[in-house]
Amino acid sequence: MIREFEKRFLTSLILIPLSIFFIVKGSILLIFFLSILFLAASNEWVLMSKKNNLFRFLGIIFLFFSFYSAFFLRDTLGPDFFLFIICVCIFTDIGGYVFGKFLKGPKLTKISPNKTYAGVAGGFILSLIAGLIFLKVSEDELFNSSTIDFLIFIFIISLISQIGDLIISYFKRKAKIKDTGKFLPGHGGLLDRVDGLIFVIPIIYLYTII
């Protein structure tokens, strides 16, 4: 488990700063970055859903919409707000992993045998802590709301992220695979790492345009 954690940590040390660089720079660089991620995620989805042409087609359409939504949110609401969304999703994932591994406890669902109630709670706790820290250091006007509203917003993002994780886990279970791919050492496939984000971002996008 320690070796696996080390791989995850080292990969994150590279991936997170790289992602921040492209998000802050925006424009053509961000389009290039999102395009690479879209192609990698789509390839993993095709391999997962190769027995169902309809799921394969709908999944690629959904991924395209999700990555388009990511560009739209970054372009219209700015890098701070977009990084905030990513931060909440990342710490939801970290909280779920750490609390689930070390506290263990009752399993959440058969869809994803490694998910526990402790992991769910950990995801909410770390995402709320990370979100509040982000609020304190950010000067973005988009965060000028009451603390209660902000906490509710973080909770909703974390909840959608965890639901997205379960949805991808369901499809992995149907495909009888452990990881969606080997794109990221220690993390498995790209879809394993962005499963929450690809659901959170389009929902926020739809809320924004409506």
# chains A, B, ... in the order shown; residues from 1 in each chain; ligands from 1

call {"tool": "select_by_dssp", "arguments": {"residues": "range 29-185 of chain A", "states": "strand (DSSP E or B)", "output": "list of chain:residue names"}}
result
A:Lys107, A:Leu108, A:Thr109, A:Ser112, A:Pro113, A:Asn114, A:Lys115, A:Thr116, A:Leu184

call {"tool": "residues_around", "arguments": {"residues": "Arg56 in chain A", "least_positions_apart": "2", "cutoff": "12 Å", "atoms": "only C-alpha atoms", "output": "CSV table (one decimal) with N, CA and C atoms, in the first residue's frame"}}
result
chain,number,residue,atom,x,y,z
A,41,ALA,N,-9.1,10.1,-22.2
A,41,ALA,CA,-10.3,9.7,-21.5
A,41,ALA,C,-11.2,8.9,-22.5
A,42,SER,N,-11.3,9.4,-23.7
A,42,SER,CA,-12.2,8.8,-24.7
A,42,SER,C,-11.7,7.4,-25.1
A,43,ASN,N,-10.4,7.3,-25.2
A,43,ASN,CA,-9.8,6.0,-25.5
A,43,ASN,C,-10.0,5.0,-24.4
A,44,GLU,N,-9.9,5.4,-23.1
A,44,GLU,CA,-10.2,4.5,-22.0
A,44,GLU,C,-11.7,4.1,-22.0
A,45,TRP,N,-12.6,5.1,-22.3
A,45,TRP,CA,-14.0,4.8,-22.3
A,45,TRP,C,-14.3,3.8,-23.5
A,46,VAL,N,-13.7,3.9,-24.6
A,46,VAL,CA,-13.9,3.0,-25.7
A,46,VAL,C,-13.5,1.6,-25.3
A,47,LEU,N,-12.4,1.5,-24.7
A,47,LEU,CA,-11.9,0.1,-24.2
A,47,LEU,C,-12.9,-0.5,-23.2
A,48,MET,N,-13.4,0.4,-22.3
A,48,MET,CA,-14.3,-0.1,-21.3
A,48,MET,C,-15.7,-0.5,-21.8
A,49,SER,N,-16.1,0.2,-22.9
A,49,SER,CA,-17.5,0.0,-23.4
A,49,SER,C,-17.5,-0.7,-24.7
A,50,LYS,N,-16.5,-1.5,-25.0
A,50,LYS,CA,-16.4,-2.1,-26.4
A,50,LYS,C,-17.5,-3.1,-26.7
A,51,LYS,N,-18.2,-3.5,-25.7
A,51,LYS,CA,-19.3,-4.5,-25.9
A,51,LYS,C,-20.6,-3.8,-26.2
A,52,ASN,N,-20.7,-2.5,-26.1
A,52,ASN,CA,-21.9,-1.8,-26.2
A,52,ASN,C,-21.7,-0.5,-27.0
A,53,ASN,N,-22.1,-0.5,-28.3
A,53,ASN,CA,-21.8,0.6,-29.2
A,53,ASN,C,-22.6,1.9,-28.8
A,54,LEU,N,-23.8,1.7,-28.2
A,54,LEU,CA,-24.6,2.9,-27.8
A,54,LEU,C,-23.9,3.6,-26.6
A,58,LEU,N,-22.5,7.4,-26.6
A,58,LEU,CA,-23.0,8.4,-25.7
A,58,LEU,C,-21.9,8.8,-24.7
A,59,GLY,N,-21.0,7.9,-24.3
A,59,GLY,CA,-20.0,8.3,-23.4
A,59,GLY,C,-19.0,9.3,-24.0
A,60,ILE,N,-18.7,9.1,-25.3
A,60,ILE,CA,-17.8,10.1,-26.0
A,60,ILE,C,-18.4,11.4,-26.1
A,61,ILE,N,-19.7,11.5,-26.4
A,61,ILE,CA,-20.4,12.7,-26.5
A,61,ILE,C,-20.4,13.4,-25.2
A,62,PHE,N,-20.7,12.7,-24.1
A,62,PHE,CA,-20.7,13.2,-22.8
A,62,PHE,C,-19.3,13.8,-22.4
A,63,LEU,N,-18.2,13.0,-22.7
A,63,LEU,CA,-16.9,13.5,-22.4
A,63,LEU,C,-16.6,14.8,-23.2
A,171,PHE,N,-19.4,1.2,-14.2
A,171,PHE,CA,-19.0,0.8,-15.6
A,171,PHE,C,-17.7,-0.1,-15.6

call {"tool": "residues_around", "arguments": {"residues": "Gly123 in chain A", "least_positions_apart": "3", "cutoff": "7 Å", "atoms": "only C-alpha atoms", "output": "list in words"}}
result
Phe91, Thr92, Asp93, Ile94, Gly95, Gly96, Gly119, Val120, Leu126 and Ser127 of chain A

call {"tool": "residues_around", "arguments": {"residues": "Thr180 in chain A", "least_positions_apart": "5", "cutoff": "7 Å", "atoms": "only C-alpha atoms", "output": "PyMOL selection string"}}
result
chain A and resi 44+172+188-189+191-192

call {"tool": "write_last_selection", "arguments": {"atoms": "N, CA and C atoms", "output": "PDB file, in the first residue's frame"}}
result
ATOM      1  N   GLU A  44      -9.920   5.404 -23.150  1.00  0.00           N
ATOM      2  CA  GLU A  44     -10.219   4.503 -22.033  1.00  0.00           C
ATOM      3  C   GLU A  44     -11.684   4.100 -22.022  1.00  0.00           C
ATOM      4  N   LYS A 172     -16.789   0.247 -14.663  1.00  0.00           N
ATOM      5  CA  LYS A 172     -15.593  -0.594 -14.542  1.00  0.00           C
ATOM      6  C   LYS A 172     -15.983  -1.998 -14.096  1.00  0.00           C
ATOM      7  N   GLY A 188      -3.788   4.632 -11.945  1.00  0.00           N
ATOM      8  CA  GLY A 188      -4.582   3.908 -12.919  1.00  0.00           C
ATOM      9  C   GLY A 188      -4.843   4.782 -14.127  1.00  0.00           C
ATOM     10  N   GLY A 189      -6.047   4.713 -14.647  1.00  0.00           N
ATOM     11  CA  GLY A 189      -6.388   5.465 -15.842  1.00  0.00           C
ATOM     12  C   GLY A 189      -6.769   6.903 -15.559  1.00  0.00           C
ATOM     13  N   LEU A 191      -9.566   8.347 -16.501  1.00  0.00           N
ATOM     14  CA  LEU A 191     -10.958   8.396 -16.053  1.00  0.00           C
ATOM     15  C   LEU A 191     -11.082   8.125 -14.559  1.00  0.00           C
ATOM     16  N   ASP A 192     -10.186   7.318 -14.023  1.00  0.00           N
ATOM     17  CA  ASP A 192     -10.182   7.061 -12.578  1.00  0.00           C
ATOM     18  C   ASP A 192      -9.908   8.331 -11.792  1.00  0.00           C
TER      19      ASP A 192
END

call {"tool": "closest_atom_pairs", "arguments": {"of": "range 121-162 of chain A", "to": "range 97-109 of chain A", "cutoff": "12 Å", "atoms": "only C-alpha atoms", "output": "CSV"}}
result
residue,atom,partner,partner_atom,distance
A:Ala121,CA,A:Phe99,CA,7.9
A:Gly122,CA,A:Phe99,CA,5.4
A:Gly123,CA,A:Phe99,CA,8.0
A:Phe124,CA,A:Phe99,CA,10.7
A:Ile125,CA,A:Phe99,CA,9.9
A:Leu126,CA,A:Phe99,CA,9.8
A:Gln162,CA,A:Tyr97,CA,11.5

call {"tool": "select_by_dssp", "arguments": {"residues": "range 8-180 of chain A", "states": "helix (DSSP H, G or I)", "output": "ChimeraX atom specification"}}
result
/A:8-25,27-48,53-77,79-103,117-137,141-143,147-175

call {"tool": "closest_residue", "arguments": {"among": "A:Thr76, A:Ser27, A:Ser35, A:Ser169", "to": "Phe64 in chain A", "atoms": "only C-alpha atoms"}}
result
A:Ser35

call {"tool": "closest_residue", "arguments": {"among": "A:Phe57, A:Phe155, A:Phe81, A:Tyr205", "to": "Leu135 in chain A", "atoms": "only C-alpha atoms"}}
result
A:Phe81

call {"tool": "closest_residue", "arguments": {"among": "A:Lys176, A:Leu128, A:Phe38, A:Thr147", "to": "Ile90 in chain A", "atoms": "only C-alpha atoms"}}
result
A:Leu128

call {"tool": "residues_around", "arguments": {"residues": "Phe199 in chain A", "least_positions_apart": "3", "cutoff": "8 Å", "atoms": "only C-alpha atoms", "output": "JSON, numbers by chain"}}
result
{"A": [66, 160, 161, 164, 195, 196, 202, 203]}

call {"tool": "write_last_selection", "arguments": {"atoms": "C-alpha atoms", "output": "short mmCIF file (atom, residue, chain, number, x, y, z; two decimals), in the first residue's frame"}}
result
data_model
loop_
_atom_site.label_atom_id
_atom_site.label_comp_id
_atom_site.auth_asym_id
_atom_site.auth_seq_id
_atom_site.Cartn_x
_atom_site.Cartn_y
_atom_site.Cartn_z
CA SER A 66 -17.66 17.83 -20.19
CA ILE A 160 -21.58 15.14 -7.25
CA SER A 161 -17.89 14.22 -7.42
CA GLY A 164 -19.43 10.50 -10.48
CA ASP A 195 -14.40 10.70 -12.75
CA GLY A 196 -15.75 13.27 -10.30
CA PRO A 202 -20.95 20.11 -16.88
CA ILE A 203 -23.52 20.46 -14.08
#

call {"tool": "closest_residue", "arguments": {"among": "A:Ile14, A:Leu151, A:Leu206, A:Val24", "to": "Phe82 in chain A", "atoms": "only C-alpha atoms"}}
result
A:Val24

call {"tool": "atom_distance", "arguments": {"atom1": "CA of Phe65 in chain A", "atom2": "CA of Leu15 in chain A"}}
result
22.6 Å

call {"tool": "atom_distance", "arguments": {"atom1": "CA of Leu39 in chain A", "atom2": "CA of Leu18 in chain A"}}
result
17.6 Å

call {"tool": "decode", "arguments": {"residues": "range 32-176 of chain A", "atoms": "C-alpha atoms", "output": "CSV table (one decimal), in the first residue's frame"}}
result
chain,number,residue,atom,x,y,z
A,32,PHE,CA,-4.3,21.7,-26.2
A,33,PHE,CA,-4.2,20.4,-22.7
A,34,LEU,CA,-8.0,19.6,-22.6
A,35,SER,CA,-7.8,18.0,-26.0
A,36,ILE,CA,-5.1,15.6,-24.8
A,37,LEU,CA,-7.1,14.7,-21.7
A,38,PHE,CA,-10.3,14.3,-23.8
A,39,LEU,CA,-8.5,11.9,-26.3
A,40,ALA,CA,-7.0,9.9,-23.4
A,41,ALA,CA,-10.3,9.7,-21.5
A,42,SER,CA,-12.2,8.8,-24.7
A,43,ASN,CA,-9.8,6.0,-25.5
A,44,GLU,CA,-10.2,4.5,-22.0
A,45,TRP,CA,-14.0,4.8,-22.3
A,46,VAL,CA,-13.9,3.0,-25.7
A,47,LEU,CA,-11.9,0.1,-24.2
A,48,MET,CA,-14.3,-0.1,-21.3
A,49,SER,CA,-17.5,0.0,-23.4
A,50,LYS,CA,-16.4,-2.1,-26.4
A,51,LYS,CA,-19.3,-4.5,-25.9
A,52,ASN,CA,-21.9,-1.8,-26.2
A,53,ASN,CA,-21.8,0.6,-29.2
A,54,LEU,CA,-24.6,2.9,-27.8
A,55,PHE,CA,-22.8,3.4,-24.5
A,56,ARG,CA,-19.5,4.0,-26.4
A,57,PHE,CA,-21.1,6.7,-28.5
A,58,LEU,CA,-23.0,8.4,-25.7
A,59,GLY,CA,-20.0,8.3,-23.4
A,60,ILE,CA,-17.8,10.1,-26.0
A,61,ILE,CA,-20.4,12.7,-26.5
A,62,PHE,CA,-20.7,13.2,-22.8
A,63,LEU,CA,-16.9,13.5,-22.4
A,64,PHE,CA,-16.7,16.0,-25.2
A,65,PHE,CA,-19.5,18.1,-23.5
A,66,SER,CA,-17.7,17.8,-20.2
A,67,PHE,CA,-14.3,19.0,-21.5
A,68,TYR,CA,-16.0,21.8,-23.5
A,69,SER,CA,-17.7,22.9,-20.3
A,70,ALA,CA,-14.3,23.0,-18.6
A,71,PHE,CA,-13.0,25.4,-21.2
A,72,PHE,CA,-16.1,27.5,-21.0
A,73,LEU,CA,-16.0,27.8,-17.2
A,74,ARG,CA,-12.3,28.7,-17.2
A,75,ASP,CA,-12.8,31.2,-20.0
A,76,THR,CA,-15.9,33.0,-18.6
A,77,LEU,CA,-15.4,32.7,-14.8
A,78,GLY,CA,-11.7,32.9,-14.6
A,79,PRO,CA,-8.9,30.6,-13.4
A,80,ASP,CA,-9.6,31.1,-9.6
A,81,PHE,CA,-13.1,29.7,-9.8
A,82,PHE,CA,-12.1,26.8,-12.0
A,83,LEU,CA,-9.1,25.9,-9.7
A,84,PHE,CA,-11.5,26.1,-6.8
A,85,ILE,CA,-13.7,23.4,-8.4
A,86,ILE,CA,-10.7,21.2,-9.1
A,87,CYS,CA,-9.4,21.7,-5.6
A,88,VAL,CA,-12.7,20.6,-4.0
A,89,CYS,CA,-12.8,17.5,-6.3
A,90,ILE,CA,-9.2,16.6,-5.6
A,91,PHE,CA,-9.6,16.8,-1.8
A,92,THR,CA,-12.8,14.9,-2.0
A,93,ASP,CA,-10.8,12.1,-3.7
A,94,ILE,CA,-7.9,12.4,-1.2
A,95,GLY,CA,-10.3,12.3,1.7
A,96,GLY,CA,-12.1,9.3,0.4
A,97,TYR,CA,-8.8,7.4,-0.2
A,98,VAL,CA,-7.1,8.3,3.1
A,99,PHE,CA,-10.1,7.9,5.4
A,100,GLY,CA,-11.2,4.7,3.6
A,101,LYS,CA,-7.7,3.1,3.7
A,102,PHE,CA,-6.9,3.8,7.3
A,103,LEU,CA,-10.3,3.9,9.0
A,104,LYS,CA,-11.9,1.2,6.9
A,105,GLY,CA,-15.3,0.4,8.4
A,106,PRO,CA,-18.6,-0.7,6.7
A,107,LYS,CA,-18.6,-0.8,2.9
A,108,LEU,CA,-20.7,1.7,1.0
A,109,THR,CA,-22.0,-0.3,-1.9
A,110,LYS,CA,-21.3,-3.4,-4.0
A,111,ILE,CA,-20.7,-1.2,-7.0
A,112,SER,CA,-17.3,-0.2,-5.6
A,113,PRO,CA,-16.2,-2.6,-2.9
A,114,ASN,CA,-13.3,-0.3,-1.8
A,115,LYS,CA,-15.7,2.6,-1.0
A,116,THR,CA,-16.6,2.9,2.7
A,117,TYR,CA,-18.8,5.3,4.8
A,118,ALA,CA,-15.6,6.5,6.4
A,119,GLY,CA,-14.3,7.4,2.9
A,120,VAL,CA,-17.4,9.3,2.1
A,121,ALA,CA,-17.2,11.3,5.3
A,122,GLY,CA,-13.5,11.9,4.7
A,123,GLY,CA,-14.2,13.2,1.2
A,124,PHE,CA,-16.7,15.8,2.6
A,125,ILE,CA,-14.4,16.8,5.5
A,126,LEU,CA,-11.3,17.4,3.4
A,127,SER,CA,-13.2,19.1,0.6
A,128,LEU,CA,-14.8,21.5,3.1
A,129,ILE,CA,-11.4,22.3,4.7
A,130,ALA,CA,-9.7,22.8,1.4
A,131,GLY,CA,-12.6,25.0,0.1
A,132,LEU,CA,-12.5,27.2,3.1
A,133,ILE,CA,-8.8,27.7,2.8
A,134,PHE,CA,-9.2,28.5,-0.8
A,135,LEU,CA,-11.9,31.1,0.2
A,136,LYS,CA,-9.5,32.8,2.6
A,137,VAL,CA,-6.7,33.2,0.1
A,138,SER,CA,-8.7,34.0,-3.0
A,139,GLU,CA,-9.7,37.6,-3.8
A,140,ASP,CA,-12.1,36.5,-6.6
A,141,GLU,CA,-15.5,38.4,-6.4
A,142,LEU,CA,-17.3,35.1,-7.2
A,143,PHE,CA,-16.6,34.0,-3.7
A,144,ASN,CA,-18.3,37.0,-2.1
A,145,SER,CA,-21.2,35.0,-0.6
A,146,SER,CA,-22.2,34.0,2.9
A,147,THR,CA,-20.1,31.3,4.6
A,148,ILE,CA,-23.2,29.0,4.8
A,149,ASP,CA,-23.9,29.3,1.1
A,150,PHE,CA,-20.3,28.6,0.3
A,151,LEU,CA,-20.2,25.5,2.5
A,152,ILE,CA,-23.4,24.2,0.9
A,153,PHE,CA,-21.8,24.8,-2.6
A,154,ILE,CA,-18.7,22.9,-1.5
A,155,PHE,CA,-20.9,20.0,-0.2
A,156,ILE,CA,-22.8,19.8,-3.4
A,157,ILE,CA,-19.6,19.7,-5.5
A,158,SER,CA,-18.2,17.0,-3.3
A,159,LEU,CA,-21.4,15.0,-3.4
A,160,ILE,CA,-21.6,15.1,-7.2
A,161,SER,CA,-17.9,14.2,-7.4
A,162,GLN,CA,-18.5,11.1,-5.3
A,163,ILE,CA,-21.5,10.1,-7.3
A,164,GLY,CA,-19.4,10.5,-10.5
A,165,ASP,CA,-16.8,8.2,-8.9
A,166,LEU,CA,-19.5,5.6,-8.3
A,167,ILE,CA,-20.8,5.8,-11.8
A,168,ILE,CA,-17.4,5.2,-13.3
A,169,SER,CA,-16.9,2.4,-10.8
A,170,TYR,CA,-20.2,0.8,-12.0
A,171,PHE,CA,-19.0,0.8,-15.6
A,172,LYS,CA,-15.6,-0.6,-14.5
A,173,ARG,CA,-17.4,-3.4,-12.7
A,174,LYS,CA,-19.5,-4.2,-15.7
A,175,ALA,CA,-16.3,-4.3,-17.9
A,176,LYS,CA,-14.6,-6.4,-15.2
